[in-house]
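K.L.:
First, the structure itself, so that you have it in front of you.
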Amino acid sequence: MSGNPGEPPKLDFKLFVMPAVFFLSRYVDLKDDNIVNLCRQVFITVAAIVGALYYVVYTLISSKNDQTKIWVPPKPKPSLPFGLGPPAEAVKPDEYEETTYVAYELKTVQAEISQLLLSFAMTLFMSFQFKIHLSLLMQSVNSPITLLSSPTVLKYFFKITKNSDGSKLYKELLSAPSSTTSDSAFFRNDEPRVEEIPIEDTTNEVNKKVSKSTPVSEVD
């Protein structure tokens with residue numbers, strides 16, 4: 001959803017992926033035991049690969065051990081897609097978390113691994129206990145997408161340090177936030193701005209041009 005606090009929500013790619021998987025699942029015979037076993041094998045394989053990649057990222061973060069102090073904004077609040085609902089509120093200075101790169105990145109990866117293990121357990125439980133196998137297909141697609149959209153994975157695997165809008169990857173600040181930085185931390189400084197020109201200045205400028213272009217004889 002929204003990547004930047006204080007900005008309107010952005011379109012999430014997952015909003016289209018999950019309905020597509022749900023639609024295509026109609027062509028998969030999930031009542032066939034052989035196909036169900038194949039889906040389970042694919043799901044377990046995908047989960048194992050994703051988990052291994054998260055472990056590699058965790059190891060890279062620990063070995064780098066970047067102790068640079070940063071201030072990170074809170075996660076964006078849940079919002080409606082397609083820009084529906086009220087606009088997101090700007091982040092206040094006291095809402096930033098003071099931490100370090102290594103602490104923040106390890107915390108992020110640990111949360112993502114916990115989420116992966118939880119979804120892994122719930123998906124298999126639903127499949128074996130309640131014979132609900134659709135989640136096998138959905139999680140087999142959703143897990144790699146979640147991995148590739150993780151900021152820590154983007155940083156340590158693909159060497160990406162900035163977002164598409166030019167802001168820092170974690171929206172972090174390198175100095176303590178103030179009322180000024182919190183209002184403008186998530187917006188680029190080179191974006192076009194609209195400035196209002198006072199009416200008096202505009203009138204004076206027009207009069208100057210008229211006086212220069214009009215001969216004195218015409219005025220008489």
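Ligands are numbered from 1 in the order shown, residues from 1 within each chain, and chains are lettered A, B, ... in the order they appear in the structure tokens.
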Check segment 12-212 of chain A with DSSP on the backbone and list each residue it calls strand (DSSP E or B), as JSON, numbers by chain.

P.N.:
{"A": [69, 70, 71, 72, 97, 98, 99, 100, 162, 168, 173]}

K.L.:
How would the residues just chosen look if you wrote them out with C-alpha atoms as a short mmCIF file (atom, residue, chain, number, x, y, z; two decimals), in the first residue's frame?

P.N.:
```
data_model
loop_
_atom_site.label_atom_id
_atom_site.label_comp_id
_atom_site.auth_asym_id
_atom_site.auth_seq_id
_atom_site.Cartn_x
_atom_site.Cartn_y
_atom_site.Cartn_z
CA LYS A 69 22.53 5.72 14.17
CA ILE A 70 19.29 6.39 12.30
CA TRP A 71 15.75 7.58 13.01
CA VAL A 72 13.06 5.46 11.34
CA GLU A 97 12.34 5.34 16.38
CA GLU A 98 15.97 5.93 17.25
CA THR A 99 18.02 2.87 16.37
CA THR A 100 20.96 1.68 14.26
CA LYS A 162 16.93 4.18 -2.62
CA LYS A 168 16.09 6.50 1.36
CA LEU A 173 16.87 10.09 8.84
#
```

K.L.:
From the list A:Ser25, A:Pro19, A:Ile44, A:Asp32, which residue is nearest Lys131 of chain A when using only C-alpha atoms?

P.N.:
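Closest residue, counting only C-alpha atoms: A:Asp32.
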
K.L.:
Taking 2 positions as the minimum chain separation for residues in the same chain, which residues sit within 12 Å of Tyr96 of chain A when counting only C-alpha atoms? Answer as a PyMOL selection string.

P.N.:
chain A and resi 5+70-75+90-94+98-99+170-179+181-182+185

K.L.:
I'd like the contact shell of Val28 of chain A - 12 Å cut-off, only C-alpha atoms, skipping same-chain residues fewer than 4 positions apart - returned as a list of chain:residue names.

P.N.:
A:Val21, A:Phe22, A:Phe23, A:Leu24, A:Asp32, A:Asp33, A:Asn34, A:Ile35, A:Val36, A:Leu38, A:Cys39, A:His133, A:Leu134, A:Leu136, A:Leu137

K.L.:
Keeping all heavy atoms, export the residues of the selection given above as a CSV table (one decimal), in the first residue's frame.

P.N.:
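Once everything was written out, this is part_20.csv:
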```csv
chain,number,residue,atom,x,y,z
A,21,VAL,N,-4.3,-15.6,-9.1
A,21,VAL,CA,-4.1,-17.0,-8.7
A,21,VAL,C,-5.4,-17.7,-8.3
A,21,VAL,O,-5.6,-18.8,-8.7
A,21,VAL,CB,-3.2,-17.0,-7.4
A,21,VAL,CG1,-3.0,-18.4,-6.8
A,21,VAL,CG2,-1.8,-16.4,-7.8
A,22,PHE,N,-6.3,-16.9,-7.7
A,22,PHE,CA,-7.6,-17.5,-7.4
A,22,PHE,C,-8.4,-17.9,-8.6
A,22,PHE,O,-9.0,-18.9,-8.7
A,22,PHE,CB,-8.4,-16.5,-6.5
A,22,PHE,CG,-9.8,-17.0,-6.1
A,22,PHE,CD1,-9.9,-17.8,-5.0
A,22,PHE,CD2,-10.9,-16.6,-6.8
A,22,PHE,CE1,-11.1,-18.3,-4.6
A,22,PHE,CE2,-12.1,-17.1,-6.4
A,22,PHE,CZ,-12.3,-17.9,-5.3
A,23,PHE,N,-8.3,-17.0,-9.7
A,23,PHE,CA,-9.0,-17.3,-10.9
A,23,PHE,C,-8.4,-18.6,-11.6
A,23,PHE,O,-9.1,-19.4,-12.1
A,23,PHE,CB,-8.9,-16.1,-11.8
A,23,PHE,CG,-9.5,-16.3,-13.2
A,23,PHE,CD1,-10.8,-16.3,-13.4
A,23,PHE,CD2,-8.6,-16.6,-14.3
A,23,PHE,CE1,-11.4,-16.5,-14.7
A,23,PHE,CE2,-9.1,-16.8,-15.5
A,23,PHE,CZ,-10.5,-16.8,-15.7
A,24,LEU,N,-7.0,-18.6,-11.7
A,24,LEU,CA,-6.4,-19.7,-12.3
A,24,LEU,C,-6.5,-21.1,-11.6
A,24,LEU,O,-6.4,-22.1,-12.1
A,24,LEU,CB,-4.9,-19.4,-12.5
A,24,LEU,CG,-4.6,-18.2,-13.5
A,24,LEU,CD1,-3.1,-18.0,-13.5
A,24,LEU,CD2,-5.1,-18.6,-14.9
A,32,ASP,N,-7.9,-34.0,-6.7
A,32,ASP,CA,-7.0,-35.1,-7.1
A,32,ASP,C,-5.8,-35.1,-6.1
A,32,ASP,O,-5.1,-34.2,-5.9
A,32,ASP,CB,-6.4,-34.9,-8.5
A,32,ASP,CG,-5.7,-36.1,-9.0
A,32,ASP,OD1,-5.1,-36.8,-8.2
A,32,ASP,OD2,-5.6,-36.3,-10.3
A,33,ASP,N,-5.7,-36.3,-5.4
A,33,ASP,CA,-4.6,-36.4,-4.4
A,33,ASP,C,-3.2,-36.2,-5.0
A,33,ASP,O,-2.4,-35.7,-4.3
A,33,ASP,CB,-4.7,-37.8,-3.7
A,33,ASP,CG,-6.0,-38.0,-2.9
A,33,ASP,OD1,-6.6,-36.9,-2.5
A,33,ASP,OD2,-6.4,-39.1,-2.7
A,34,ASN,N,-3.0,-36.7,-6.2
A,34,ASN,CA,-1.7,-36.5,-6.8
A,34,ASN,C,-1.3,-35.0,-7.0
A,34,ASN,O,-0.2,-34.6,-6.7
A,34,ASN,CB,-1.6,-37.2,-8.1
A,34,ASN,CG,-1.7,-38.7,-7.9
A,34,ASN,OD1,-1.2,-39.3,-6.9
A,34,ASN,ND2,-2.3,-39.4,-8.9
A,35,ILE,N,-2.3,-34.2,-7.5
A,35,ILE,CA,-2.1,-32.8,-7.7
A,35,ILE,C,-1.9,-32.1,-6.3
A,35,ILE,O,-1.1,-31.2,-6.2
A,35,ILE,CB,-3.3,-32.2,-8.5
A,35,ILE,CG1,-3.3,-32.8,-9.9
A,35,ILE,CG2,-3.2,-30.7,-8.5
A,35,ILE,CD1,-4.4,-32.3,-10.8
A,36,VAL,N,-2.7,-32.5,-5.3
A,36,VAL,CA,-2.6,-31.9,-4.0
A,36,VAL,C,-1.2,-32.1,-3.4
A,36,VAL,O,-0.6,-31.2,-2.9
A,36,VAL,CB,-3.7,-32.4,-3.1
A,36,VAL,CG1,-3.4,-32.0,-1.6
A,36,VAL,CG2,-5.0,-32.0,-3.5
A,38,LEU,N,1.5,-32.7,-5.1
A,38,LEU,CA,2.4,-31.9,-5.9
A,38,LEU,C,2.4,-30.4,-5.4
A,38,LEU,O,3.5,-29.8,-5.3
A,38,LEU,CB,2.1,-32.0,-7.4
A,38,LEU,CG,2.9,-31.2,-8.3
A,38,LEU,CD1,4.4,-31.6,-8.3
A,38,LEU,CD2,2.4,-31.3,-9.8
A,39,CYS,N,1.2,-29.9,-5.1
A,39,CYS,CA,1.1,-28.5,-4.6
A,39,CYS,C,1.8,-28.4,-3.3
A,39,CYS,O,2.5,-27.4,-3.0
A,39,CYS,CB,-0.3,-28.1,-4.5
A,39,CYS,SG,-1.2,-27.9,-6.1
A,133,HIS,N,-6.9,-26.5,0.1
A,133,HIS,CA,-5.6,-26.5,-0.6
A,133,HIS,C,-5.4,-25.3,-1.4
A,133,HIS,O,-4.3,-25.2,-1.9
A,133,HIS,CB,-5.6,-27.8,-1.5
A,133,HIS,CG,-6.0,-29.0,-0.8
A,133,HIS,ND1,-5.3,-29.5,0.3
A,133,HIS,CD2,-7.0,-29.9,-1.1
A,133,HIS,CE1,-5.9,-30.7,0.7
A,133,HIS,NE2,-6.9,-30.9,-0.1
A,134,LEU,N,-6.3,-24.4,-1.5
A,134,LEU,CA,-6.1,-23.2,-2.3
A,134,LEU,C,-5.0,-22.3,-1.7
A,134,LEU,O,-4.2,-21.7,-2.5
A,134,LEU,CB,-7.4,-22.4,-2.4
A,134,LEU,CG,-7.3,-21.1,-3.2
A,134,LEU,CD1,-7.0,-21.3,-4.6
A,134,LEU,CD2,-8.7,-20.3,-3.1
A,136,LEU,N,-2.3,-23.3,-0.6
A,136,LEU,CA,-1.0,-23.8,-1.0
A,136,LEU,C,-0.5,-23.0,-2.3
A,136,LEU,O,0.6,-22.6,-2.4
A,136,LEU,CB,-1.1,-25.3,-1.4
A,136,LEU,CG,-1.3,-26.2,-0.2
A,136,LEU,CD1,-1.6,-27.6,-0.7
A,136,LEU,CD2,-0.1,-26.2,0.8
A,137,LEU,N,-1.5,-22.8,-3.2
A,137,LEU,CA,-1.1,-22.1,-4.4
A,137,LEU,C,-0.9,-20.6,-4.1
A,137,LEU,O,0.1,-20.0,-4.7
A,137,LEU,CB,-2.3,-22.2,-5.4
A,137,LEU,CG,-2.7,-23.6,-5.9
A,137,LEU,CD1,-3.9,-23.6,-6.8
A,137,LEU,CD2,-1.5,-24.3,-6.6
```

K.L.:
Between atom CA of Val153 of chain A and atom CA of Leu15 of chain A, what is the distance, to one decimal in Å?

P.N.:
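Result for atom CA of Val153 of chain A versus atom CA of Leu15 of chain A: 21.3 Å, one decimal.
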
K.L.:
Would you please work out which residue, of A:Tyr156, A:Phe128, A:Phe43, A:Tyr101, is nearest to Pro144 of chain A when using only C-alpha atoms?

P.N.:
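The shortest atom-to-atom distance to Pro144 of chain A comes from A:Phe43.
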
K.L.:
Just to confirm, what's the straight-line distance from atom CA of Gln41 of chain A to atom CA of Ser119 of chain A in Å (one decimal)?

P.N.:
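Here the two named atoms are 15.5 Å from each other.
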
K.L.:
Run DSSP on the backbone and grab whatever in segment 15-110 of chain A lands in helix (DSSP H, G or I); send it over as a ChimeraX atom specification.

P.N.:
/A:15-27,33-64,81-83,93-95,101-110

K.L.:
Tell me which protein, DNA and RNA residues are within 9 Å of segment 102-108 of chain A, counting only C-alpha atoms, leaving out same-chain ones fewer than 2 positions away, and put them as an NGL selection string.

P.N.:
:A and (58 or 61-62 or 64-68 or 70 or 72 or 99-100 or 110-113 or 150-152)

K.L.:
Save out the residues we just selected, N, CA and C atoms, as a PDB file, in the first residue's frame.

P.N.:
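Output (again.pdb):
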```pdb
ATOM      1  N   TYR A  58      20.103 -12.307   6.772  1.00  0.00           N
ATOM      2  CA  TYR A  58      20.371 -12.137   8.213  1.00  0.00           C
ATOM      3  C   TYR A  58      21.875 -12.239   8.486  1.00  0.00           C
ATOM      4  N   ILE A  61      23.685  -9.076   7.192  1.00  0.00           N
ATOM      5  CA  ILE A  61      23.464  -7.933   8.084  1.00  0.00           C
ATOM      6  C   ILE A  61      24.342  -8.051   9.324  1.00  0.00           C
ATOM      7  N   SER A  62      24.405  -9.241   9.899  1.00  0.00           N
ATOM      8  CA  SER A  62      25.200  -9.448  11.109  1.00  0.00           C
ATOM      9  C   SER A  62      26.683  -9.242  10.838  1.00  0.00           C
ATOM     10  N   LYS A  64      28.059  -7.355   8.472  1.00  0.00           N
ATOM     11  CA  LYS A  64      28.340  -5.942   8.202  1.00  0.00           C
ATOM     12  C   LYS A  64      28.319  -5.129   9.490  1.00  0.00           C
ATOM     13  N   ASN A  65      27.348  -5.391  10.346  1.00  0.00           N
ATOM     14  CA  ASN A  65      27.273  -4.779  11.675  1.00  0.00           C
ATOM     15  C   ASN A  65      27.386  -3.250  11.613  1.00  0.00           C
ATOM     16  N   ASP A  66      26.533  -2.652  10.811  1.00  0.00           N
ATOM     17  CA  ASP A  66      26.541  -1.202  10.629  1.00  0.00           C
ATOM     18  C   ASP A  66      25.907  -0.539  11.853  1.00  0.00           C
ATOM     19  N   GLN A  67      26.732   0.155  12.640  1.00  0.00           N
ATOM     20  CA  GLN A  67      26.266   0.790  13.868  1.00  0.00           C
ATOM     21  C   GLN A  67      25.876   2.264  13.670  1.00  0.00           C
ATOM     22  N   THR A  68      25.698   2.678  12.419  1.00  0.00           N
ATOM     23  CA  THR A  68      25.281   4.060  12.162  1.00  0.00           C
ATOM     24  C   THR A  68      23.913   4.315  12.775  1.00  0.00           C
ATOM     25  N   ILE A  70      20.317   5.885  13.199  1.00  0.00           N
ATOM     26  CA  ILE A  70      19.288   6.394  12.297  1.00  0.00           C
ATOM     27  C   ILE A  70      17.987   6.595  13.070  1.00  0.00           C
ATOM     28  N   VAL A  72      13.948   6.107  12.307  1.00  0.00           N
ATOM     29  CA  VAL A  72      13.061   5.457  11.341  1.00  0.00           C
ATOM     30  C   VAL A  72      11.606   5.779  11.671  1.00  0.00           C
ATOM     31  N   THR A  99      17.424   4.201  16.400  1.00  0.00           N
ATOM     32  CA  THR A  99      18.017   2.869  16.374  1.00  0.00           C
ATOM     33  C   THR A  99      19.294   2.924  15.533  1.00  0.00           C
ATOM     34  N   THR A 100      19.815   1.769  15.155  1.00  0.00           N
ATOM     35  CA  THR A 100      20.962   1.682  14.257  1.00  0.00           C
ATOM     36  C   THR A 100      20.576   0.823  13.061  1.00  0.00           C
ATOM     37  N   GLN A 110      13.858 -10.575  11.189  1.00  0.00           N
ATOM     38  CA  GLN A 110      13.260 -11.489  12.158  1.00  0.00           C
ATOM     39  C   GLN A 110      11.740 -11.473  12.068  1.00  0.00           C
ATOM     40  N   ALA A 111      11.157 -10.291  11.893  1.00  0.00           N
ATOM     41  CA  ALA A 111       9.701 -10.197  11.749  1.00  0.00           C
ATOM     42  C   ALA A 111       9.236 -10.886  10.473  1.00  0.00           C
ATOM     43  N   GLU A 112       9.989 -10.747   9.385  1.00  0.00           N
ATOM     44  CA  GLU A 112       9.611 -11.378   8.120  1.00  0.00           C
ATOM     45  C   GLU A 112       9.749 -12.893   8.193  1.00  0.00           C
ATOM     46  N   ILE A 113      10.775 -13.378   8.892  1.00  0.00           N
ATOM     47  CA  ILE A 113      10.932 -14.824   9.062  1.00  0.00           C
ATOM     48  C   ILE A 113       9.805 -15.385   9.924  1.00  0.00           C
ATOM     49  N   SER A 150      10.963  -7.030   0.018  1.00  0.00           N
ATOM     50  CA  SER A 150      11.546  -6.693   1.310  1.00  0.00           C
ATOM     51  C   SER A 150      12.696  -5.700   1.133  1.00  0.00           C
ATOM     52  N   PRO A 151      12.725  -4.596   1.871  1.00  0.00           N
ATOM     53  CA  PRO A 151      13.809  -3.614   1.728  1.00  0.00           C
ATOM     54  C   PRO A 151      15.186  -4.194   2.023  1.00  0.00           C
ATOM     55  N   THR A 152      15.275  -5.081   3.015  1.00  0.00           N
ATOM     56  CA  THR A 152      16.579  -5.658   3.344  1.00  0.00           C
ATOM     57  C   THR A 152      17.081  -6.565   2.220  1.00  0.00           C
TER      58      THR A 152
END
```
